[in-house]
Amino acid sequence: MFEKHSIARIIENVKIAKDIYQMKLTGSPDAFKFFRPGQFLHAKVPGTGELLLRRPISVNDYSIEEGWVQIAYLVIGEGTRQLSRLREGDKLDILFPLGNSFKLEEEQKKVMLIGGGIGVAPLLTVMKYYPDKEYTALLGYRSREYMYQVEAFEKKADVFVTTDNGSFGHKGFATDLLAGRIAGNRPDVILGCGPTCFFKSLKKEVEGTGILTYVSLEQRMGCGTGGCSVCVCSIGGENRRICVEGPVFDLTEVDL
Amino acid sequence: MSVNMGVKIAGVNFKNPVIAASGTFAFGEEYRLYMDLSRLGGIALKALTREKRKGNPPVRVAETASGVLNSVGLQNPGVDGFIEDYWNHVKKIDTVKIANIAGSTAEEYVYVAERLNGIDIDLYEVNVSCPNVKEGGVNFGSDAKLLAQVVSGVKKVALKPLIVKLTPNVTRIADMAMAAQDAGADAISLINTITGMAVDARTRKPILANTTGGLSGPAIKPVALRMVWEASKAVSIPVIGMGGIMTGVDAAEFMIAGAAAVMAGTATMCCPDALTRIIGELEAFCEEEKIKNVYELTGTMKTGSPESLKAFGGEITEGKPC
């Protein structure tokens with residue numbers, strides 16, 4: 001058994017785009033060794049104050065050898081604002097790694113990654129964990145100023161960027177490009193992460209293509225350990241806990 | 001000096017007075033990763049109903065100042081599903097196991113208790129206080145007659161001692177505590193969550209899909225302490241106190257106010273290993289206070305002396321609910 005609950009130390013905490021921060025952490029080497037792409041980190045808001053619940057955050061990079069993980073988060077409320085104020089050397093109470101992960105089979109060679117907004121973050125770790133695949137990445141952002149980690153994707157993937165307002169790349173959503181890309185070069189599997197409306201469009205786009213599609217869902221979360229049953233989503237008519245049974249689910253089973 | 005942490009409630013021996021509160025600890029299994037479950041005083045399992053329940057749609061949780069609102073709505077596999085799929089694991093946990101029973105009708109509670117009679121559960125906790133379901137739940141707990149009807153019905157068939165879990169959403173908690181005692185409860189536990197609501201000002205929508213939910217956490221601790229104190233004055237059966245316990249000293253405060261044991265739930269939502277920390281802190285508190293047996297704390301609150309109150313022209317309530 002390894003300790004999933006630990007105190008990590010911050011190596012770096014920087015702003016990488018409008019409202020988006022990236023934090024690099026070092027901590028329990030055992031726990032960090034077990035990380036798989038798609039798993040998340042549950043961070044306690046620093047201080048003992050009004051905010052009791054942890055914040056579930058995606059990992060966008062890691063190094064098992066060097067013993068660090070990097071998370072990317074959108075500053076959206078008081079909790080994430082407090083996280084953004086942490087500095088190098090500060091401590092962070094974390095549960096890590098949590099949840100299931102994106103899994104790629106040997107025969108799945110062509111992989112399409114599709115992300116919207118902060119949902120772009122966790123997809124980056126897939127390419128690191130499974131380096132011998134052929135990747136295409138469709139990345140959707142609100143506008144140019146919200147764009148992040150595009151260059152990191154470009155190192156290993158064919159990248160297509162969209163912005164809602166057309167300030168960079170294609171004007172519209174990442175899912176708009178899907179049909180065209182599939183027609184040109186059909187992937188063996190699609191991995192996606194984004195907001196609920198994103199999943200609705202994604203489901204519509206992949207329906208009938210027969211391409212396996214896995215998505216990482218988000219929901220307001222409590223314990224992160226399966227005890228409180230608040231972070232559910234409807235999967236095949238059943239309420240399933242995103243923190244332990246997810247966050248990754250087969251899109252065909254997700255009720256949207 | 002070593003502290004005797006054991007307590008006895010309704011004839012059942014607990015290793016220590018710190019119990020996992022129902023609804024925040026699932027059926028315990030998930031927490032093996034985070035602690036030695038046999039260190040716990042007990043586990044109150046997630047509420048069980050006759051049929052499997054899907055619970056409420058998400059969003060089910062909202063964070064509030066020093067509190068958490070939830071509206072899970074009794075999602076559970078049903079009592080038979082529990083016995084079939086979960087009991088084999090749960091029975092191996094070396095601590096007191098408390099089954100939390102809920103229902104929409106008095107008959108449903110009886111059914112669940114009868115089914116549980118067949119397995120080796122230590123106590124039943126009759127949940128007449130869930131605020132997140134349309135039928136039953138808190139409706140039973142906020143009407144003394146209905147409460148008595150449910151409790152006496154379960155008592156008739158139950159082969160295990162009964163704890164009745166009370167709701168704070170009532171005008172006089174002492175009346176409910178007495179109704180539970182008169183109907184045959186062997187102990188009472190309180191408080192369940194306080195009904196509350198969170199609103200998103202931007203969208204003008206409630207945050208919870210169920211609109212309202214149950215508030216827990218340190219935000220409700222003063223209300224819980226007051227109610228534990230009032231209830232424990234009103235009955236002779238043991239009281240299990242809960243509501244915002246995050247530390248060992250919080251646990252001690254509830255015991256001093258009248259509780260024989262405590263439950264913690266929201267603390268686990270913040271930190272999966274909170275319960276074992278609380279047990280350690282409570283033991284350390286007893287050592288510091290030179291208390292040999294933790295049960296000696298129960299009901300030892302020193303209220304203001306009549307003389308000091310008179311000096312200010314105050315009314316003397318002498319620990320009675322006013």
# chains A, B, ... in the order shown; residues from 1 in each chain; ligands from 1

$ closest_atom_pairs --of "chain A" --to "chain B" --cutoff "7 Å" --atoms "only C-alpha atoms" --output "tab-separated table"
residue	atom	partner	partner_atom	distance
A:Gly49	CA	B:Ser66	CA	6.9
A:Glu50	CA	B:Ser66	CA	4.1
A:Leu51	CA	B:Ser66	CA	5.9
A:Leu52	CA	B:Cys270	CA	6.0
A:Leu53	CA	B:Cys270	CA	5.5
A:Arg54	CA	B:Cys270	CA	6.5
A:Arg220	CA	B:Val61	CA	6.4
A:Gly222	CA	B:Met269	CA	5.8
A:Cys223	CA	B:Met269	CA	4.0
A:Thr225	CA	B:Glu30	CA	6.5
A:Gly226	CA	B:Glu30	CA	6.3
A:Gly227	CA	B:Phe25	CA	4.4
A:Cys228	CA	B:Thr24	CA	4.3
A:Ser229	CA	B:Val72	CA	6.8
A:Val230	CA	B:Arg60	CA	5.1
A:Cys231	CA	B:Arg60	CA	7.0
A:Val232	CA	B:Pro58	CA	6.3
A:Cys233	CA	B:Pro58	CA	6.8
A:Glu238	CA	B:Lys54	CA	6.7
A:Asn239	CA	B:Lys54	CA	6.3

$ residues_around --residues "stretch 144-153 of chain A" --least-positions-apart "6" --cutoff "7 Å" --atoms "only C-alpha atoms" --output "list in words"
Ile16, Ala17, Lys18, Leu124, Val159, Thr163, Ser167 and Phe168 of chain A

$ residues_around --residues "stretch 201-214 of chain A" --least-positions-apart "3" --cutoff "6 Å" --atoms "only C-alpha atoms" --output "VMD selection string"
chain A and resid 175 189 to 191 198 249 to 251

$ atom_distance --atom1 "atom CA of B:Gly118" --atom2 "atom CA of B:Phe82"
12.4 Å

$ select_by_dssp --residues "stretch 50-279 of chain B" --states "strand (DSSP E or B)" --output "number ranges by chain"
B: 53, 61-64, 67-70, 76, 96-101, 123-127, 162-165, 187-190, 194-197, 199-200, 205-206, 212-216, 239-241, 261-264

$ residues_around --residues "A:His5" --least-positions-apart "4" --cutoff "7 Å" --atoms "only C-alpha atoms" --output "list of chain:residue names"
A:Ile94, A:Leu95, A:Phe96

$ select_by_dssp --residues "stretch 13-79 of chain A" --states "alpha helix (DSSP H)" --output "PyMOL selection string"
chain A and resi 29-33+78-79

$ closest_residue --among "A:Asp158, A:Asp61, A:Asp164, A:Asp255" --to "A:Phe35" --atoms "only C-alpha atoms"
A:Asp61

$ atom_distance --atom1 "atom CA of B:Ala179" --atom2 "atom CA of B:Ala231"
11.0 Å
